[in-house]
Each structure stands twice: as C-alpha cells, then as structure tokens.
$ cat query02.cif   # mmCIF, C-alpha atoms
data_query
#
loop_
_atom_site.group_PDB
_atom_site.id
_atom_site.type_symbol
_atom_site.label_atom_id
_atom_site.label_comp_id
_atom_site.auth_asym_id
_atom_site.auth_seq_id
_atom_site.Cartn_x
_atom_site.Cartn_y
_atom_site.Cartn_z
ATOM 1 C CA MET A 46 106.789 110.516 97.774
ATOM 2 C CA GLN A 47 109.791 112.507 98.906
ATOM 3 C CA GLN A 48 110.389 115.171 101.536
ATOM 4 C CA VAL A 49 110.366 118.606 99.918
ATOM 5 C CA THR A 50 113.571 120.617 99.680
ATOM 6 C CA LYS A 51 114.010 124.397 99.687
ATOM 7 C CA GLU A 52 114.899 124.211 95.991
ATOM 8 C CA GLN A 53 111.722 122.302 95.163
ATOM 9 C CA LEU A 54 109.625 124.911 96.987
ATOM 10 C CA GLN A 55 110.936 127.450 94.456
ATOM 11 C CA GLN A 56 109.599 125.457 91.498
ATOM 12 C CA SER A 57 106.613 126.749 89.538
ATOM 13 C CA ASN A 58 104.485 123.606 89.678
ATOM 14 C CA TYR A 59 103.984 120.987 92.346
ATOM 15 C CA PHE A 60 101.574 119.120 94.580
ATOM 16 C CA LEU A 61 102.702 119.459 98.203
ATOM 17 C CA TYR A 62 101.214 117.106 100.774
ATOM 18 C CA ILE A 63 101.426 118.681 104.254
ATOM 19 C CA TYR A 64 100.965 116.455 107.291
ATOM 20 C CA THR A 65 101.978 115.765 110.873
ATOM 21 C CA PRO A 66 103.361 112.320 111.763
ATOM 22 C CA LEU A 67 100.891 111.409 114.521
ATOM 23 C CA CYS A 68 97.758 112.476 112.635
ATOM 24 C CA GLY A 69 95.577 109.485 111.787
ATOM 25 C CA THR A 70 93.678 111.353 109.076
ATOM 26 C CA CYS A 71 97.027 112.393 107.573
ATOM 27 C CA ASN A 72 98.114 108.756 107.407
ATOM 28 C CA LEU A 73 94.888 107.809 105.630
ATOM 29 C CA ALA A 74 95.301 110.691 103.157
ATOM 30 C CA LYS A 75 98.913 109.689 102.512
ATOM 31 C CA SER A 76 97.868 106.130 101.718
ATOM 32 C CA MET A 77 95.472 107.491 99.077
ATOM 33 C CA LEU A 78 98.210 109.659 97.546
ATOM 34 C CA LEU A 79 100.640 106.738 97.485
ATOM 35 C CA LYS A 80 97.995 104.621 95.759
ATOM 36 C CA MET A 81 97.663 107.329 93.101
ATOM 37 C CA GLU A 82 101.425 107.359 92.560
ATOM 38 C CA GLN A 83 101.378 103.581 92.151
ATOM 39 C CA MET A 84 98.524 103.787 89.656
ATOM 40 C CA GLN A 85 100.306 106.510 87.649
ATOM 41 C CA LYS A 86 103.708 104.793 87.996
ATOM 42 C CA GLN A 87 105.352 108.119 88.864
ATOM 43 C CA GLU A 88 105.987 110.337 91.849
ATOM 44 C CA LEU A 89 103.356 113.056 91.867
ATOM 45 C CA PHE A 90 103.659 114.525 95.339
ATOM 46 C CA LEU A 91 106.206 116.176 97.544
ATOM 47 C CA GLU A 92 105.627 115.955 101.280
ATOM 48 C CA MET A 93 106.242 118.307 104.178
ATOM 49 C CA ASN A 94 106.038 117.647 107.898
ATOM 50 C CA ALA A 95 104.136 120.705 109.144
ATOM 51 C CA SER A 96 105.794 120.478 112.547
ATOM 52 C CA LEU A 97 109.198 121.165 111.003
ATOM 53 C CA HIS A 98 108.095 124.149 108.900
ATOM 54 C CA PRO A 99 106.055 126.549 111.083
ATOM 55 C CA GLU A 100 107.116 129.607 109.046
ATOM 56 C CA PHE A 101 105.849 128.034 105.818
ATOM 57 C CA MET A 102 102.589 127.101 107.524
ATOM 58 C CA GLN A 103 102.025 130.648 108.722
ATOM 59 C CA THR A 104 103.171 132.379 105.530
ATOM 60 C CA HIS A 105 100.852 130.279 103.373
ATOM 61 C CA GLN A 106 98.021 130.248 105.920
ATOM 62 C CA ILE A 107 97.710 126.473 106.095
ATOM 63 C CA GLU A 108 94.700 126.017 108.363
ATOM 64 C CA SER A 109 94.909 122.316 109.147
ATOM 65 C CA VAL A 110 96.417 119.002 108.150
ATOM 66 C CA PRO A 111 96.245 117.022 106.037
ATOM 67 C CA CYS A 112 96.520 119.607 103.283
ATOM 68 C CA LEU A 113 97.355 119.236 99.620
ATOM 69 C CA LEU A 114 98.764 122.544 98.402
ATOM 70 C CA ILE A 115 98.677 122.927 94.637
ATOM 71 C CA LYS A 116 101.102 125.319 92.960
ATOM 72 C CA LYS A 117 100.649 126.037 89.265
ATOM 73 C CA ASP A 118 102.580 128.521 87.132
ATOM 74 C CA GLY A 119 104.227 129.978 90.232
ATOM 75 C CA GLU A 120 100.925 130.603 92.061
ATOM 76 C CA PHE A 121 99.272 128.650 94.857
ATOM 77 C CA VAL A 122 95.924 127.846 93.293
ATOM 78 C CA GLU A 123 94.292 125.489 95.779
ATOM 79 C CA LYS A 124 94.513 124.172 99.328
ATOM 80 C CA MET A 125 92.702 120.878 99.549
ATOM 81 C CA TYR A 126 91.731 119.795 103.056
ATOM 82 C CA ALA A 127 88.963 117.248 102.334
ATOM 83 C CA PHE A 128 90.511 114.227 100.630
ATOM 84 C CA ARG A 129 87.396 111.988 100.774
ATOM 85 C CA ASP A 130 88.561 109.367 98.244
ATOM 86 C CA VAL A 131 91.000 108.795 95.382
ATOM 87 C CA ALA A 132 88.459 109.849 92.732
ATOM 88 C CA ASN A 133 87.931 113.192 94.486
ATOM 89 C CA ILE A 134 91.674 113.827 94.622
ATOM 90 C CA TYR A 135 92.099 112.940 90.938
ATOM 91 C CA GLN A 136 89.366 115.414 90.049
ATOM 92 C CA HIS A 137 91.258 118.270 91.714
ATOM 93 C CA LEU A 138 94.614 117.313 90.242
ATOM 94 C CA ILE A 139 93.376 116.820 86.691
ATOM 95 C CA MET A 140 91.745 120.251 86.813
ATOM 96 C CA HIS A 141 95.128 121.874 87.499
ATOM 97 C CA ARG A 142 97.656 119.589 85.748
ATOM 98 C CA PRO A 143 95.899 117.298 83.221
ATOM 99 C CA GLU A 144 99.160 116.642 81.356
ATOM 100 C CA LEU A 145 100.459 114.537 84.254
ATOM 101 C CA PHE A 146 97.702 111.959 84.015
ATOM 102 C CA SER A 147 97.283 109.362 81.352
ATOM 103 C CA PHE A 148 94.424 106.937 81.568
ATOM 104 C CA ARG A 149 94.872 103.930 79.311
#
$ encode --input "query02.cif" --output "structure tokens"
Amino acid sequence: MQQVTKEQLQQSNYFLYIYTPLCGTCNLAKSMLLKMEQMQKQELFLEMNASLHPEFMQTHQIESVPCLLIKKDGEFVEKMYAFRDVANIYQHLIMHRPELFSFR
C-alpha cells in the first residue's frame, strides 16, 4: 500500500483507504487490506492520512475513518465505512472492479 499522490487522485479508477494514524479501528482495517493485497499478490489500495488532507475530506464529505473510497470510471461510487471482515471487503471490490481479482 502506498501513500496517494496528487497525480493518482486524478486517475479514473482506484481504491483509496483513508485513515488516521492513532485510530485503532483504522489499524485493524489496514491489516485486512494488506492481507488482501498479499492474497492477490498485487497492490490494490492507495492510502491517505486524513489528518494531512482536510480539504479532500471536506470536498468528498468523508464522514469518518476508516473509509474505503471507491472511484470507478472517474466517479466516486462508494464510501465504505464498515469493513467487518475480508470477505465483506472483497464483495464490495468485486462488485466495482471484478477484473482485478482472480481466484484460482
């Protein structure tokens, strides 16, 4: 997982994990996302420290952290706040970007 850049925010498709460093729930969510990247053997997520990007948070009406912001075809299509478990996260991601996931 890598910190998002301004250029990456202009891309049409991405999964953006938004967190704050001292948030325990954020750390748990991040561990689930990292596990998914390991299982897929590819980087799937960009990450953003909410504390460093207050304008982005306000512009995109991010209500709380952790948040997984899904951008597809240039549109923000989902803000996921309840991570629950890896299977739940996969369900949301596959719905929006099935081509990224191969299950063998």
$ resolve_selection --input "query02.cif" --expression "the PyMOL selection byres ((chain A and resi 126) around 7)" --output "PyMOL selection string"
chain A and resi 110-113+124-125+127-128
$ closest_residue --input "query02.cif" --among "A:Lys80, A:Gln48, A:Gln103, A:Gln56" --to "A:Ile115" --atoms "all atoms listed in the file"
A:Gln56
$ closest_residue --input "query02.cif" --among "A:Glu108, A:Arg129, A:Asn58, A:Met77" --to "A:His141" --atoms "all atoms listed in the file"
A:Asn58
$ closest_residue --input "query02.cif" --among "A:Gln53, A:Thr65, A:Thr70, A:Gln136" --to "A:Phe90" --atoms "only C-alpha atoms"
A:Gln53
$ closest_residue --input "query02.cif" --among "A:Leu145, A:Ile134, A:His105, A:Leu97" --to "A:Glu120" --atoms "all atoms listed in the file"
A:His105
$ atom_distance --input "query02.cif" --atom1 "atom CA of A:Leu67" --atom2 "atom CA of A:Val49"
18.8 Å
$ residues_around --input "query02.cif" --residues "A:Phe60" --least-positions-apart "4" --cutoff "9 Å" --atoms "all atoms listed in the file" --output "number ranges by chain"
A: 89-92, 113-117, 138
$ atom_distance --input "query02.cif" --atom1 "atom CA of A:Asp118" --atom2 "atom CA of A:Met93"
20.2 Å
$ atom_distance --input "query02.cif" --atom1 "atom CA of A:Gln85" --atom2 "atom CA of A:Gly119"
23.9 Å
$ residues_around --input "query02.cif" --residues "A:Met81" --least-positions-apart "5" --cutoff "10 Å" --atoms "all atoms listed in the file" --output "list in words"
Lys75, Ser76, Lys86, Gln87, Glu88, Leu89, Phe90, Val131, Ala132, Ile134 and Tyr135 of chain A
$ write_last_selection --input "query02.cif" --atoms "C-alpha atoms" --output "PDB file, in the coordinates of the input"
ATOM      1  CA  LYS A  75      98.913 109.689 102.512  1.00  0.00           C
ATOM      2  CA  SER A  76      97.868 106.130 101.718  1.00  0.00           C
ATOM      3  CA  LYS A  86     103.708 104.793  87.996  1.00  0.00           C
ATOM      4  CA  GLN A  87     105.352 108.119  88.864  1.00  0.00           C
ATOM      5  CA  GLU A  88     105.987 110.337  91.849  1.00  0.00           C
ATOM      6  CA  LEU A  89     103.356 113.056  91.867  1.00  0.00           C
ATOM      7  CA  PHE A  90     103.659 114.525  95.339  1.00  0.00           C
ATOM      8  CA  VAL A 131      91.000 108.795  95.382  1.00  0.00           C
ATOM      9  CA  ALA A 132      88.459 109.849  92.732  1.00  0.00           C
ATOM     10  CA  ILE A 134      91.674 113.827  94.622  1.00  0.00           C
ATOM     11  CA  TYR A 135      92.099 112.940  90.938  1.00  0.00           C
TER      12      TYR A 135
END
$ axis_aligned_box --input "query02.cif" --around "stretch 138-143 of chain A" --padding-each-side "3 Å" --output "JSON"
{"center_x": 94.7, "center_y": 119.3, "center_z": 86.7, "size_x": 11.9, "size_y": 11.1, "size_z": 13.0}
$ decode --input "query02.cif" --residues "stretch 103-118 of chain A" --atoms "all heavy atoms" --output "PDB file, in the first residue's frame"
ATOM      1  N   GLN A 103     -13.287  17.260   3.319  1.00  0.00           N
ATOM      2  CA  GLN A 103     -14.481  18.097   3.264  1.00  0.00           C
ATOM      3  C   GLN A 103     -15.119  18.064   1.878  1.00  0.00           C
ATOM      4  O   GLN A 103     -16.333  17.905   1.755  1.00  0.00           O
ATOM      5  CB  GLN A 103     -14.144  19.531   3.653  1.00  0.00           C
ATOM      6  CG  GLN A 103     -15.375  20.395   3.772  1.00  0.00           C
ATOM      7  CD  GLN A 103     -15.083  21.709   4.456  1.00  0.00           C
ATOM      8  OE1 GLN A 103     -13.968  21.988   4.850  1.00  0.00           O
ATOM      9  NE2 GLN A 103     -16.107  22.515   4.599  1.00  0.00           N
ATOM     10  N   THR A 104     -14.324  18.185   0.846  1.00  0.00           N
ATOM     11  CA  THR A 104     -14.838  18.188  -0.526  1.00  0.00           C
ATOM     12  C   THR A 104     -15.611  16.917  -0.834  1.00  0.00           C
ATOM     13  O   THR A 104     -16.669  16.953  -1.463  1.00  0.00           O
ATOM     14  CB  THR A 104     -13.677  18.339  -1.540  1.00  0.00           C
ATOM     15  OG1 THR A 104     -13.011  19.565  -1.275  1.00  0.00           O
ATOM     16  CG2 THR A 104     -14.177  18.311  -2.964  1.00  0.00           C
ATOM     17  N   HIS A 105     -15.092  15.781  -0.377  1.00  0.00           N
ATOM     18  CA  HIS A 105     -15.706  14.491  -0.690  1.00  0.00           C
ATOM     19  C   HIS A 105     -16.596  13.970   0.431  1.00  0.00           C
ATOM     20  O   HIS A 105     -17.041  12.828   0.387  1.00  0.00           O
ATOM     21  CB  HIS A 105     -14.634  13.480  -1.074  1.00  0.00           C
ATOM     22  CG  HIS A 105     -13.892  13.909  -2.298  1.00  0.00           C
ATOM     23  ND1 HIS A 105     -14.454  13.910  -3.557  1.00  0.00           N
ATOM     24  CD2 HIS A 105     -12.657  14.421  -2.456  1.00  0.00           C
ATOM     25  CE1 HIS A 105     -13.582  14.373  -4.425  1.00  0.00           C
ATOM     26  NE2 HIS A 105     -12.484  14.705  -3.776  1.00  0.00           N
ATOM     27  N   GLN A 106     -16.840  14.821   1.411  1.00  0.00           N
ATOM     28  CA  GLN A 106     -17.757  14.524   2.519  1.00  0.00           C
ATOM     29  C   GLN A 106     -17.475  13.172   3.174  1.00  0.00           C
ATOM     30  O   GLN A 106     -18.354  12.344   3.370  1.00  0.00           O
ATOM     31  CB  GLN A 106     -19.198  14.606   2.041  1.00  0.00           C
ATOM     32  CG  GLN A 106     -19.555  15.977   1.507  1.00  0.00           C
ATOM     33  CD  GLN A 106     -20.951  16.052   0.940  1.00  0.00           C
ATOM     34  OE1 GLN A 106     -21.623  15.041   0.749  1.00  0.00           O
ATOM     35  NE2 GLN A 106     -21.409  17.259   0.670  1.00  0.00           N
ATOM     36  N   ILE A 107     -16.201  12.965   3.519  1.00  0.00           N
ATOM     37  CA  ILE A 107     -15.817  11.754   4.237  1.00  0.00           C
ATOM     38  C   ILE A 107     -16.255  11.943   5.682  1.00  0.00           C
ATOM     39  O   ILE A 107     -15.816  12.859   6.356  1.00  0.00           O
ATOM     40  CB  ILE A 107     -14.295  11.504   4.149  1.00  0.00           C
ATOM     41  CG1 ILE A 107     -13.811  11.498   2.695  1.00  0.00           C
ATOM     42  CG2 ILE A 107     -13.917  10.223   4.884  1.00  0.00           C
ATOM     43  CD1 ILE A 107     -14.469  10.470   1.807  1.00  0.00           C
ATOM     44  N   GLU A 108     -17.147  11.076   6.137  1.00  0.00           N
ATOM     45  CA  GLU A 108     -17.793  11.253   7.438  1.00  0.00           C
ATOM     46  C   GLU A 108     -16.981  10.718   8.609  1.00  0.00           C
ATOM     47  O   GLU A 108     -17.101  11.221   9.718  1.00  0.00           O
ATOM     48  CB  GLU A 108     -19.164  10.579   7.402  1.00  0.00           C
ATOM     49  CG  GLU A 108     -20.078  11.194   6.351  1.00  0.00           C
ATOM     50  CD  GLU A 108     -21.329  10.378   6.112  1.00  0.00           C
ATOM     51  OE1 GLU A 108     -21.664   9.507   6.944  1.00  0.00           O
ATOM     52  OE2 GLU A 108     -21.975  10.613   5.079  1.00  0.00           O
ATOM     53  N   SER A 109     -16.203   9.669   8.369  1.00  0.00           N
ATOM     54  CA  SER A 109     -15.419   9.092   9.451  1.00  0.00           C
ATOM     55  C   SER A 109     -14.315   8.219   8.857  1.00  0.00           C
ATOM     56  O   SER A 109     -14.295   7.953   7.656  1.00  0.00           O
ATOM     57  CB  SER A 109     -16.299   8.268  10.393  1.00  0.00           C
ATOM     58  OG  SER A 109     -16.817   7.133   9.724  1.00  0.00           O
ATOM     59  N   VAL A 110     -13.428   7.797   9.724  1.00  0.00           N
ATOM     60  CA  VAL A 110     -12.374   6.863   9.329  1.00  0.00           C
ATOM     61  C   VAL A 110     -12.484   5.623  10.195  1.00  0.00           C
ATOM     62  O   VAL A 110     -12.990   5.715  11.313  1.00  0.00           O
ATOM     63  CB  VAL A 110     -10.964   7.507   9.456  1.00  0.00           C
ATOM     64  CG1 VAL A 110     -10.790   8.594   8.437  1.00  0.00           C
ATOM     65  CG2 VAL A 110     -10.681   8.002  10.855  1.00  0.00           C
ATOM     66  N   PRO A 111     -12.105   4.481   9.689  1.00  0.00           N
ATOM     67  CA  PRO A 111     -11.564   4.250   8.367  1.00  0.00           C
ATOM     68  C   PRO A 111     -12.646   4.356   7.293  1.00  0.00           C
ATOM     69  O   PRO A 111     -13.829   4.129   7.547  1.00  0.00           O
ATOM     70  CB  PRO A 111     -11.024   2.825   8.442  1.00  0.00           C
ATOM     71  CG  PRO A 111     -11.867   2.155   9.477  1.00  0.00           C
ATOM     72  CD  PRO A 111     -12.193   3.226  10.480  1.00  0.00           C
ATOM     73  N   CYS A 112     -12.187   4.695   6.089  1.00  0.00           N
ATOM     74  CA  CYS A 112     -13.081   4.791   4.940  1.00  0.00           C
ATOM     75  C   CYS A 112     -12.353   4.232   3.726  1.00  0.00           C
ATOM     76  O   CYS A 112     -11.184   4.544   3.509  1.00  0.00           O
ATOM     77  CB  CYS A 112     -13.471   6.247   4.684  1.00  0.00           C
ATOM     78  SG  CYS A 112     -14.475   6.498   3.205  1.00  0.00           S
ATOM     79  N   LEU A 113     -13.046   3.433   2.952  1.00  0.00           N
ATOM     80  CA  LEU A 113     -12.521   2.979   1.675  1.00  0.00           C
ATOM     81  C   LEU A 113     -13.355   3.673   0.604  1.00  0.00           C
ATOM     82  O   LEU A 113     -14.550   3.420   0.464  1.00  0.00           O
ATOM     83  CB  LEU A 113     -12.608   1.463   1.537  1.00  0.00           C
ATOM     84  CG  LEU A 113     -11.960   0.886   0.284  1.00  0.00           C
ATOM     85  CD1 LEU A 113     -10.462   1.204   0.250  1.00  0.00           C
ATOM     86  CD2 LEU A 113     -12.178  -0.610   0.200  1.00  0.00           C
ATOM     87  N   LEU A 114     -12.730   4.573  -0.110  1.00  0.00           N
ATOM     88  CA  LEU A 114     -13.394   5.362  -1.149  1.00  0.00           C
ATOM     89  C   LEU A 114     -13.111   4.686  -2.485  1.00  0.00           C
ATOM     90  O   LEU A 114     -11.950   4.461  -2.838  1.00  0.00           O
ATOM     91  CB  LEU A 114     -12.854   6.791  -1.123  1.00  0.00           C
ATOM     92  CG  LEU A 114     -13.492   7.811  -2.049  1.00  0.00           C
ATOM     93  CD1 LEU A 114     -14.980   7.981  -1.768  1.00  0.00           C
ATOM     94  CD2 LEU A 114     -12.782   9.153  -1.900  1.00  0.00           C
ATOM     95  N   ILE A 115     -14.169   4.352  -3.192  1.00  0.00           N
ATOM     96  CA  ILE A 115     -14.027   3.623  -4.451  1.00  0.00           C
ATOM     97  C   ILE A 115     -14.370   4.564  -5.603  1.00  0.00           C
ATOM     98  O   ILE A 115     -15.470   5.108  -5.662  1.00  0.00           O
ATOM     99  CB  ILE A 115     -14.928   2.375  -4.481  1.00  0.00           C
ATOM    100  CG1 ILE A 115     -14.557   1.438  -3.323  1.00  0.00           C
ATOM    101  CG2 ILE A 115     -14.824   1.669  -5.827  1.00  0.00           C
ATOM    102  CD1 ILE A 115     -15.491   0.264  -3.128  1.00  0.00           C
ATOM    103  N   LYS A 116     -13.399   4.733  -6.494  1.00  0.00           N
ATOM    104  CA  LYS A 116     -13.589   5.565  -7.683  1.00  0.00           C
ATOM    105  C   LYS A 116     -13.558   4.663  -8.909  1.00  0.00           C
ATOM    106  O   LYS A 116     -12.624   3.878  -9.084  1.00  0.00           O
ATOM    107  CB  LYS A 116     -12.494   6.626  -7.779  1.00  0.00           C
ATOM    108  CG  LYS A 116     -12.722   7.645  -8.887  1.00  0.00           C
ATOM    109  CD  LYS A 116     -11.648   8.724  -8.854  1.00  0.00           C
ATOM    110  CE  LYS A 116     -11.899   9.807  -9.879  1.00  0.00           C
ATOM    111  NZ  LYS A 116     -10.798  10.811  -9.865  1.00  0.00           N
ATOM    112  N   LYS A 117     -14.587   4.773  -9.732  1.00  0.00           N
ATOM    113  CA  LYS A 117     -14.705   3.937 -10.921  1.00  0.00           C
ATOM    114  C   LYS A 117     -15.151   4.801 -12.086  1.00  0.00           C
ATOM    115  O   LYS A 117     -16.135   5.547 -11.962  1.00  0.00           O
ATOM    116  CB  LYS A 117     -15.709   2.814 -10.678  1.00  0.00           C
ATOM    117  CG  LYS A 117     -15.904   1.884 -11.841  1.00  0.00           C
ATOM    118  CD  LYS A 117     -16.901   0.811 -11.511  1.00  0.00           C
ATOM    119  CE  LYS A 117     -17.116  -0.092 -12.697  1.00  0.00           C
ATOM    120  NZ  LYS A 117     -18.187  -1.056 -12.432  1.00  0.00           N
ATOM    121  N   ASP A 118     -14.434   4.716 -13.190  1.00  0.00           N
ATOM    122  CA  ASP A 118     -14.762   5.482 -14.393  1.00  0.00           C
ATOM    123  C   ASP A 118     -14.899   6.972 -14.102  1.00  0.00           C
ATOM    124  O   ASP A 118     -15.809   7.641 -14.593  1.00  0.00           O
ATOM    125  CB  ASP A 118     -16.024   4.936 -15.058  1.00  0.00           C
ATOM    126  CG  ASP A 118     -15.876   3.486 -15.505  1.00  0.00           C
ATOM    127  OD1 ASP A 118     -14.756   3.098 -15.880  1.00  0.00           O
ATOM    128  OD2 ASP A 118     -16.871   2.737 -15.465  1.00  0.00           O
TER     129      ASP A 118
END
